[in-house]
$ cat data_20.cif   # mmCIF, C-alpha atoms and all ligand atoms
data_target
#
loop_
_atom_site.group_PDB
_atom_site.id
_atom_site.type_symbol
_atom_site.label_atom_id
_atom_site.label_comp_id
_atom_site.auth_asym_id
_atom_site.auth_seq_id
_atom_site.Cartn_x
_atom_site.Cartn_y
_atom_site.Cartn_z
ATOM 1 C CA MET U 13 -22.274 -50.467 -26.238
ATOM 2 C CA THR U 14 -25.860 -51.075 -25.175
ATOM 3 C CA GLU U 15 -28.818 -49.133 -26.565
ATOM 4 C CA GLN U 16 -29.169 -47.557 -23.135
ATOM 5 C CA THR U 17 -25.681 -46.060 -22.852
ATOM 6 C CA LYS U 18 -25.628 -45.088 -26.516
ATOM 7 C CA HIS U 19 -28.236 -42.381 -25.937
ATOM 8 C CA THR U 20 -27.532 -41.350 -22.380
ATOM 9 C CA TYR U 21 -25.608 -38.182 -21.676
ATOM 10 C CA GLN U 22 -24.821 -36.959 -18.180
ATOM 11 C CA LEU U 23 -23.960 -33.706 -16.454
ATOM 12 C CA PRO U 24 -20.174 -33.381 -16.347
ATOM 13 C CA GLU U 25 -18.721 -32.898 -12.897
ATOM 14 C CA LEU U 26 -18.330 -29.229 -11.998
ATOM 15 C CA PRO U 27 -14.586 -28.651 -11.379
ATOM 16 C CA TYR U 28 -15.222 -26.238 -8.442
ATOM 17 C CA ASP U 29 -17.823 -25.435 -5.796
ATOM 18 C CA PHE U 30 -20.913 -23.356 -6.576
ATOM 19 C CA ASN U 31 -19.474 -20.386 -4.637
ATOM 20 C CA ALA U 32 -15.954 -20.663 -6.095
ATOM 21 C CA LEU U 33 -16.472 -18.068 -8.828
ATOM 22 C CA GLU U 34 -17.796 -15.377 -6.489
ATOM 23 C CA PRO U 35 -17.986 -12.432 -6.656
ATOM 24 C CA VAL U 36 -18.095 -12.644 -10.468
ATOM 25 C CA ILE U 37 -20.791 -15.345 -10.521
ATOM 26 C CA SER U 38 -22.863 -15.875 -7.380
ATOM 27 C CA ALA U 39 -23.342 -19.323 -5.861
ATOM 28 C CA GLU U 40 -27.079 -18.960 -6.444
ATOM 29 C CA ILE U 41 -26.643 -18.459 -10.183
ATOM 30 C CA MET U 42 -24.090 -21.280 -10.430
ATOM 31 C CA GLU U 43 -26.298 -23.779 -8.649
ATOM 32 C CA LEU U 44 -29.381 -22.947 -10.723
ATOM 33 C CA HIS U 45 -27.403 -22.762 -13.937
ATOM 34 C CA TYR U 46 -25.756 -26.133 -13.416
ATOM 35 C CA LYS U 47 -28.424 -28.139 -11.580
ATOM 36 C CA LYS U 48 -31.507 -26.813 -13.373
ATOM 37 C CA HIS U 49 -30.518 -25.374 -16.752
ATOM 38 C CA HIS U 50 -27.662 -27.639 -17.797
ATOM 39 C CA GLN U 51 -29.427 -30.661 -16.292
ATOM 40 C CA GLY U 52 -32.509 -29.697 -18.321
ATOM 41 C CA TYR U 53 -30.558 -29.767 -21.582
ATOM 42 C CA VAL U 54 -29.100 -33.169 -20.699
ATOM 43 C CA THR U 55 -32.481 -34.644 -19.729
ATOM 44 C CA ASN U 56 -34.201 -33.281 -22.835
ATOM 45 C CA LEU U 57 -31.331 -34.342 -25.103
ATOM 46 C CA ASN U 58 -31.574 -37.915 -23.830
ATOM 47 C CA ALA U 59 -35.362 -37.898 -24.287
ATOM 48 C CA ALA U 60 -35.084 -36.519 -27.832
ATOM 49 C CA LEU U 61 -32.418 -39.065 -28.783
ATOM 50 C CA GLU U 62 -34.498 -41.890 -27.351
ATOM 51 C CA LYS U 63 -37.456 -40.810 -29.504
ATOM 52 C CA TYR U 64 -35.130 -40.352 -32.461
ATOM 53 C CA HIS U 65 -33.851 -43.877 -32.019
ATOM 54 C CA GLU U 66 -37.418 -45.210 -31.928
ATOM 55 C CA ALA U 67 -38.264 -43.311 -35.109
ATOM 56 C CA GLU U 68 -35.104 -44.677 -36.703
ATOM 57 C CA THR U 69 -36.045 -48.274 -35.940
ATOM 58 C CA LYS U 70 -39.533 -47.621 -37.412
ATOM 59 C CA ASN U 71 -38.010 -45.939 -40.454
ATOM 60 C CA ASP U 72 -40.139 -42.874 -39.664
ATOM 61 C CA VAL U 73 -38.155 -40.187 -41.473
ATOM 62 C CA ALA U 74 -40.767 -37.472 -40.884
ATOM 63 C CA GLN U 75 -40.503 -38.019 -37.130
ATOM 64 C CA MET U 76 -36.694 -38.054 -37.320
ATOM 65 C CA VAL U 77 -36.742 -34.697 -39.104
ATOM 66 C CA ALA U 78 -39.236 -33.291 -36.579
ATOM 67 C CA LEU U 79 -36.929 -34.229 -33.693
ATOM 68 C CA GLN U 80 -33.876 -32.483 -35.093
ATOM 69 C CA ALA U 81 -34.710 -29.100 -33.571
ATOM 70 C CA ALA U 82 -34.851 -30.646 -30.076
ATOM 71 C CA VAL U 83 -31.572 -32.480 -30.647
ATOM 72 C CA LYS U 84 -29.888 -29.286 -31.875
ATOM 73 C CA PHE U 85 -31.180 -27.132 -29.031
ATOM 74 C CA ASN U 86 -30.556 -29.525 -26.158
ATOM 75 C CA GLY U 87 -27.420 -31.076 -27.640
ATOM 76 C CA GLY U 88 -26.054 -27.582 -28.232
ATOM 77 C CA GLY U 89 -26.962 -26.597 -24.672
ATOM 78 C CA HIS U 90 -25.110 -29.610 -23.299
ATOM 79 C CA ILE U 91 -22.021 -28.980 -25.466
ATOM 80 C CA ASN U 92 -21.907 -25.254 -24.713
ATOM 81 C CA HIS U 93 -22.327 -25.541 -20.950
ATOM 82 C CA SER U 94 -19.806 -28.393 -20.694
ATOM 83 C CA ILE U 95 -17.236 -26.111 -22.349
ATOM 84 C CA PHE U 96 -18.301 -23.096 -20.271
ATOM 85 C CA TRP U 97 -17.654 -24.730 -16.869
ATOM 86 C CA SER U 98 -14.260 -25.966 -18.044
ATOM 87 C CA ILE U 99 -12.939 -22.607 -19.250
ATOM 88 C CA LEU U 100 -13.645 -20.839 -15.948
ATOM 89 C CA ALA U 101 -11.626 -20.989 -12.739
ATOM 90 C CA PRO U 102 -11.674 -19.304 -9.342
ATOM 91 C CA VAL U 103 -9.183 -16.446 -9.090
ATOM 92 C CA SER U 104 -7.309 -18.456 -6.409
ATOM 93 C CA LYS U 105 -6.907 -21.329 -8.888
ATOM 94 C CA GLY U 106 -5.637 -19.537 -11.958
ATOM 95 C CA GLY U 107 -8.687 -17.592 -13.083
ATOM 96 C CA GLY U 108 -8.085 -14.282 -14.845
ATOM 97 C CA GLY U 109 -4.867 -12.772 -16.079
ATOM 98 C CA ASN U 110 -3.628 -13.004 -19.632
ATOM 99 C CA PRO U 111 -3.146 -15.839 -22.104
ATOM 100 C CA SER U 112 0.424 -16.858 -22.895
ATOM 101 C CA GLY U 113 2.399 -18.785 -25.495
ATOM 102 C CA ASP U 114 1.100 -19.460 -28.994
ATOM 103 C CA LEU U 115 -2.461 -18.413 -28.172
ATOM 104 C CA ALA U 116 -1.250 -15.009 -26.921
ATOM 105 C CA LYS U 117 0.766 -14.590 -30.129
ATOM 106 C CA MET U 118 -2.183 -15.461 -32.357
ATOM 107 C CA ILE U 119 -4.500 -13.107 -30.434
ATOM 108 C CA GLU U 120 -1.972 -10.339 -31.035
ATOM 109 C CA ARG U 121 -1.647 -11.229 -34.713
ATOM 110 C CA ASP U 122 -5.395 -11.486 -35.378
ATOM 111 C CA PHE U 123 -6.736 -8.690 -33.155
ATOM 112 C CA GLY U 124 -3.764 -6.338 -32.743
ATOM 113 C CA SER U 125 -3.432 -6.767 -28.993
ATOM 114 C CA PHE U 126 -5.015 -8.599 -26.058
ATOM 115 C CA ASP U 127 -6.776 -5.387 -25.023
ATOM 116 C CA ALA U 128 -8.178 -4.875 -28.527
ATOM 117 C CA PHE U 129 -9.407 -8.476 -28.492
ATOM 118 C CA LYS U 130 -11.076 -7.973 -25.112
ATOM 119 C CA GLU U 131 -12.786 -4.825 -26.276
ATOM 120 C CA LYS U 132 -14.080 -6.445 -29.466
ATOM 121 C CA PHE U 133 -15.225 -9.573 -27.607
ATOM 122 C CA ASN U 134 -17.029 -7.498 -24.967
ATOM 123 C CA SER U 135 -18.844 -5.256 -27.432
ATOM 124 C CA THR U 136 -19.793 -8.112 -29.784
ATOM 125 C CA THR U 137 -21.003 -10.402 -26.998
ATOM 126 C CA SER U 138 -22.855 -7.681 -25.079
ATOM 127 C CA ALA U 139 -24.761 -6.725 -28.234
ATOM 128 C CA ILE U 140 -26.240 -10.177 -28.941
ATOM 129 C CA GLN U 141 -29.957 -9.795 -29.517
ATOM 130 C CA GLY U 142 -31.916 -12.091 -27.241
ATOM 131 C CA SER U 143 -30.332 -15.267 -25.889
ATOM 132 C CA GLY U 144 -27.077 -16.672 -27.155
ATOM 133 C CA TRP U 145 -23.338 -17.041 -26.728
ATOM 134 C CA GLY U 146 -20.251 -15.019 -27.601
ATOM 135 C CA TRP U 147 -17.218 -17.108 -28.569
ATOM 136 C CA LEU U 148 -13.568 -16.981 -29.439
ATOM 137 C CA GLY U 149 -13.165 -19.703 -32.035
ATOM 138 C CA TYR U 150 -10.399 -21.137 -34.178
ATOM 139 C CA SER U 151 -10.946 -21.512 -37.912
ATOM 140 C CA LYS U 152 -9.032 -24.532 -39.169
ATOM 141 C CA ALA U 153 -9.788 -23.480 -42.745
ATOM 142 C CA ASN U 154 -8.326 -19.981 -42.348
ATOM 143 C CA LYS U 155 -5.858 -20.846 -39.569
ATOM 144 C CA ARG U 156 -6.939 -17.844 -37.562
ATOM 145 C CA LEU U 157 -8.905 -16.790 -34.514
ATOM 146 C CA GLU U 158 -12.363 -15.327 -34.875
ATOM 147 C CA ILE U 159 -14.941 -13.799 -32.553
ATOM 148 C CA ALA U 160 -18.390 -15.144 -33.339
ATOM 149 C CA ILE U 161 -21.836 -15.068 -31.847
ATOM 150 C CA CYS U 162 -24.394 -17.857 -31.820
ATOM 151 C CA ALA U 163 -28.122 -17.534 -31.218
ATOM 152 C CA ASN U 164 -29.942 -19.726 -28.701
ATOM 153 C CA GLN U 165 -27.859 -22.858 -28.023
ATOM 154 C CA ASP U 166 -26.421 -23.280 -31.516
ATOM 155 C CA PRO U 167 -22.956 -24.732 -31.004
ATOM 156 C CA LEU U 168 -20.030 -22.864 -32.560
ATOM 157 C CA SER U 169 -19.303 -25.838 -34.835
ATOM 158 C CA THR U 170 -22.351 -24.700 -36.873
ATOM 159 C CA LYS U 171 -20.192 -21.746 -37.939
ATOM 160 C CA GLY U 172 -17.215 -23.907 -38.836
ATOM 161 C CA LEU U 173 -15.192 -22.834 -35.802
ATOM 162 C CA VAL U 174 -13.654 -24.743 -32.911
ATOM 163 C CA PRO U 175 -14.828 -23.163 -29.627
ATOM 164 C CA LEU U 176 -11.955 -21.970 -27.409
ATOM 165 C CA MET U 177 -13.676 -19.703 -24.887
ATOM 166 C CA GLY U 178 -17.143 -18.280 -24.660
ATOM 167 C CA VAL U 179 -19.681 -16.463 -22.533
ATOM 168 C CA ASP U 180 -23.280 -17.511 -22.002
ATOM 169 C CA VAL U 181 -25.416 -14.382 -22.274
ATOM 170 C CA TRP U 182 -28.766 -16.003 -21.650
ATOM 171 C CA GLU U 183 -30.429 -14.040 -18.856
ATOM 172 C CA HIS U 184 -30.303 -17.107 -16.586
ATOM 173 C CA ALA U 185 -26.506 -16.723 -16.612
ATOM 174 C CA TYR U 186 -26.443 -13.250 -15.035
ATOM 175 C CA TYR U 187 -29.818 -11.669 -14.365
ATOM 176 C CA LEU U 188 -30.101 -12.507 -10.647
ATOM 177 C CA GLN U 189 -26.858 -10.617 -10.062
ATOM 178 C CA TYR U 190 -26.342 -8.100 -12.851
ATOM 179 C CA LYS U 191 -30.020 -7.506 -13.699
ATOM 180 C CA ASN U 192 -30.285 -5.954 -17.162
ATOM 181 C CA VAL U 193 -26.667 -4.724 -17.280
ATOM 182 C CA ARG U 194 -25.221 -7.452 -19.477
ATOM 183 C CA PRO U 195 -22.028 -5.492 -20.376
ATOM 184 C CA ASP U 196 -20.969 -5.447 -16.678
ATOM 185 C CA TYR U 197 -21.341 -9.234 -16.516
ATOM 186 C CA VAL U 198 -19.325 -9.787 -19.704
ATOM 187 C CA LYS U 199 -16.572 -7.422 -18.471
ATOM 188 C CA ALA U 200 -16.410 -9.168 -15.084
ATOM 189 C CA MET U 201 -15.922 -12.576 -16.716
ATOM 190 C CA TRP U 202 -12.293 -11.730 -17.581
ATOM 191 C CA GLN U 203 -11.490 -12.192 -13.873
ATOM 192 C CA ILE U 204 -12.330 -15.906 -14.080
ATOM 193 C CA PHE U 205 -11.295 -17.135 -17.540
ATOM 194 C CA ASN U 206 -9.096 -20.186 -17.147
ATOM 195 C CA TRP U 207 -6.391 -19.429 -19.721
ATOM 196 C CA LYS U 208 -4.555 -22.675 -19.055
ATOM 197 C CA SER U 209 -7.640 -24.607 -20.089
ATOM 198 C CA ILE U 210 -8.319 -22.298 -23.057
ATOM 199 C CA GLU U 211 -4.700 -22.678 -24.210
ATOM 200 C CA GLU U 212 -5.101 -26.469 -24.068
ATOM 201 C CA ARG U 213 -8.225 -26.231 -26.236
ATOM 202 C CA PHE U 214 -6.298 -24.017 -28.665
ATOM 203 C CA ALA U 215 -3.341 -26.428 -28.862
ATOM 204 C CA LYS U 216 -5.741 -29.292 -29.608
ATOM 205 C CA ALA U 217 -7.610 -27.269 -32.254
ATOM 206 C CA VAL U 218 -4.420 -26.224 -34.018
ATOM 207 C CA GLY U 219 -2.795 -29.628 -33.778
ATOM 208 C CA ALA U 220 -5.793 -31.738 -34.786
HETATM 209 MN MN MN3 V 301 -26.786 -21.213 -19.714
#

$ encode --input "data_20.cif" --output "structure tokens" --more "lines below"
Ligand code: MN3
Amino acid sequence: MTEQTKHTYQLPELPYDFNALEPVISAEIMELHYKKHHQGYVTNLNAALEKYHEAETKNDVAQMVALQAAVKFNGGGHINHSIFWSILAPVSKGGGGNPSGDLAKMIERDFGSFDAFKEKFNSTTSAIQGSGWGWLGYSKANKRLEIAICANQDPLSTKGLVPLMGVDVWEHAYYLQYKNVRPDYVKAMWQIFNWKSIEERFAKAVGA
């Protein structure tokens, strides 16, 4: 591995067209979100890691510590958005509906029912103060599912959970379409969750 590739992250390929998630997410939002916001996190992550690497070679610990906030923010942004694109799907390609199998059983066990889970996820995620993410995560320690919120771009791993599905509630994710009505955006997202992909993430989290 060369020094160059070691610190270079790239935008993952979007698994559908910008307009594929309409009417839930407009093509305009998708294009901006992917090409400007996610690209920004990737570009800034690579720049921060490059500087970090320089500081490392100079043994400049103070500079390494100073760069950690940029690595956390942009690295978290890259991780979160990469997951986000992958757990959504157009309605014509499996988006929406209900989870099945072991994940459905664990949702029922831990939340009472799928509807109760939805309600709790919607209210928790809609109520996030400022910018952040609402997640369904798996706790390996407690062997159970948990709903959790993260501020800014903090990845869910900072709370000791494996991210299964989540919703970006930064204003850039919905404002052009839903304006200030964040709860309508969060509710609409259930039409495009890709449960097949989320179930695969769950199987990996439980099995690993
Ligand atoms: Mn975003």

$ closest_atom_pairs --input "data_20.cif" --of "chain U" --to "ligand MN3 301 (chain V)" --cutoff "7 Å" --atoms "all atoms listed in the file" --output "Markdown table"
| residue | atom | partner | partner_atom | distance |
| --- | --- | --- | --- | --- |
| U:His45 | CA | V:MN3_301 | MN | 6.0 |
| U:His49 | CA | V:MN3_301 | MN | 6.3 |
| U:His50 | CA | V:MN3_301 | MN | 6.8 |
| U:His93 | CA | V:MN3_301 | MN | 6.3 |
| U:Asp180 | CA | V:MN3_301 | MN | 5.6 |
| U:Trp182 | CA | V:MN3_301 | MN | 5.9 |
| U:His184 | CA | V:MN3_301 | MN | 6.2 |
| U:Ala185 | CA | V:MN3_301 | MN | 5.5 |

$ atom_distance --input "data_20.cif" --atom1 "atom CA of Asn86 of chain U" --atom2 "atom CA of Ala67 of chain U"
18.2 Å

$ closest_residue --input "data_20.cif" --among "U:Ala128, U:Leu173, U:Val181, U:Val83" --to "Gln141 of chain U" --atoms "only C-alpha atoms"
U:Val181

$ closest_residue --input "data_20.cif" --among "U:Tyr28, U:Ala78, U:Tyr21, U:Asp122" --to "Ala59 of chain U" --atoms "only C-alpha atoms"
U:Tyr21

$ atom_distance --input "data_20.cif" --atom1 "atom CA of Ala139 of chain U" --atom2 "atom CA of Ser125 of chain U"
21.3 Å

$ resolve_selection --input "data_20.cif" --expression "the PyMOL selection byres (((chain U and resi 113) around 12) and not hetatm)" --output "PyMOL selection string"
chain U and resi 110-112+114-120+207-208+210-212+214-215

$ resolve_selection --input "data_20.cif" --expression "the PyMOL selection byres (((chain U and resi 22) around 9) and not hetatm)" --output "list in words"
Thr20, Tyr21, Leu23, Pro24, Gln51, Val54, Thr55, Asn58 and His90 of chain U
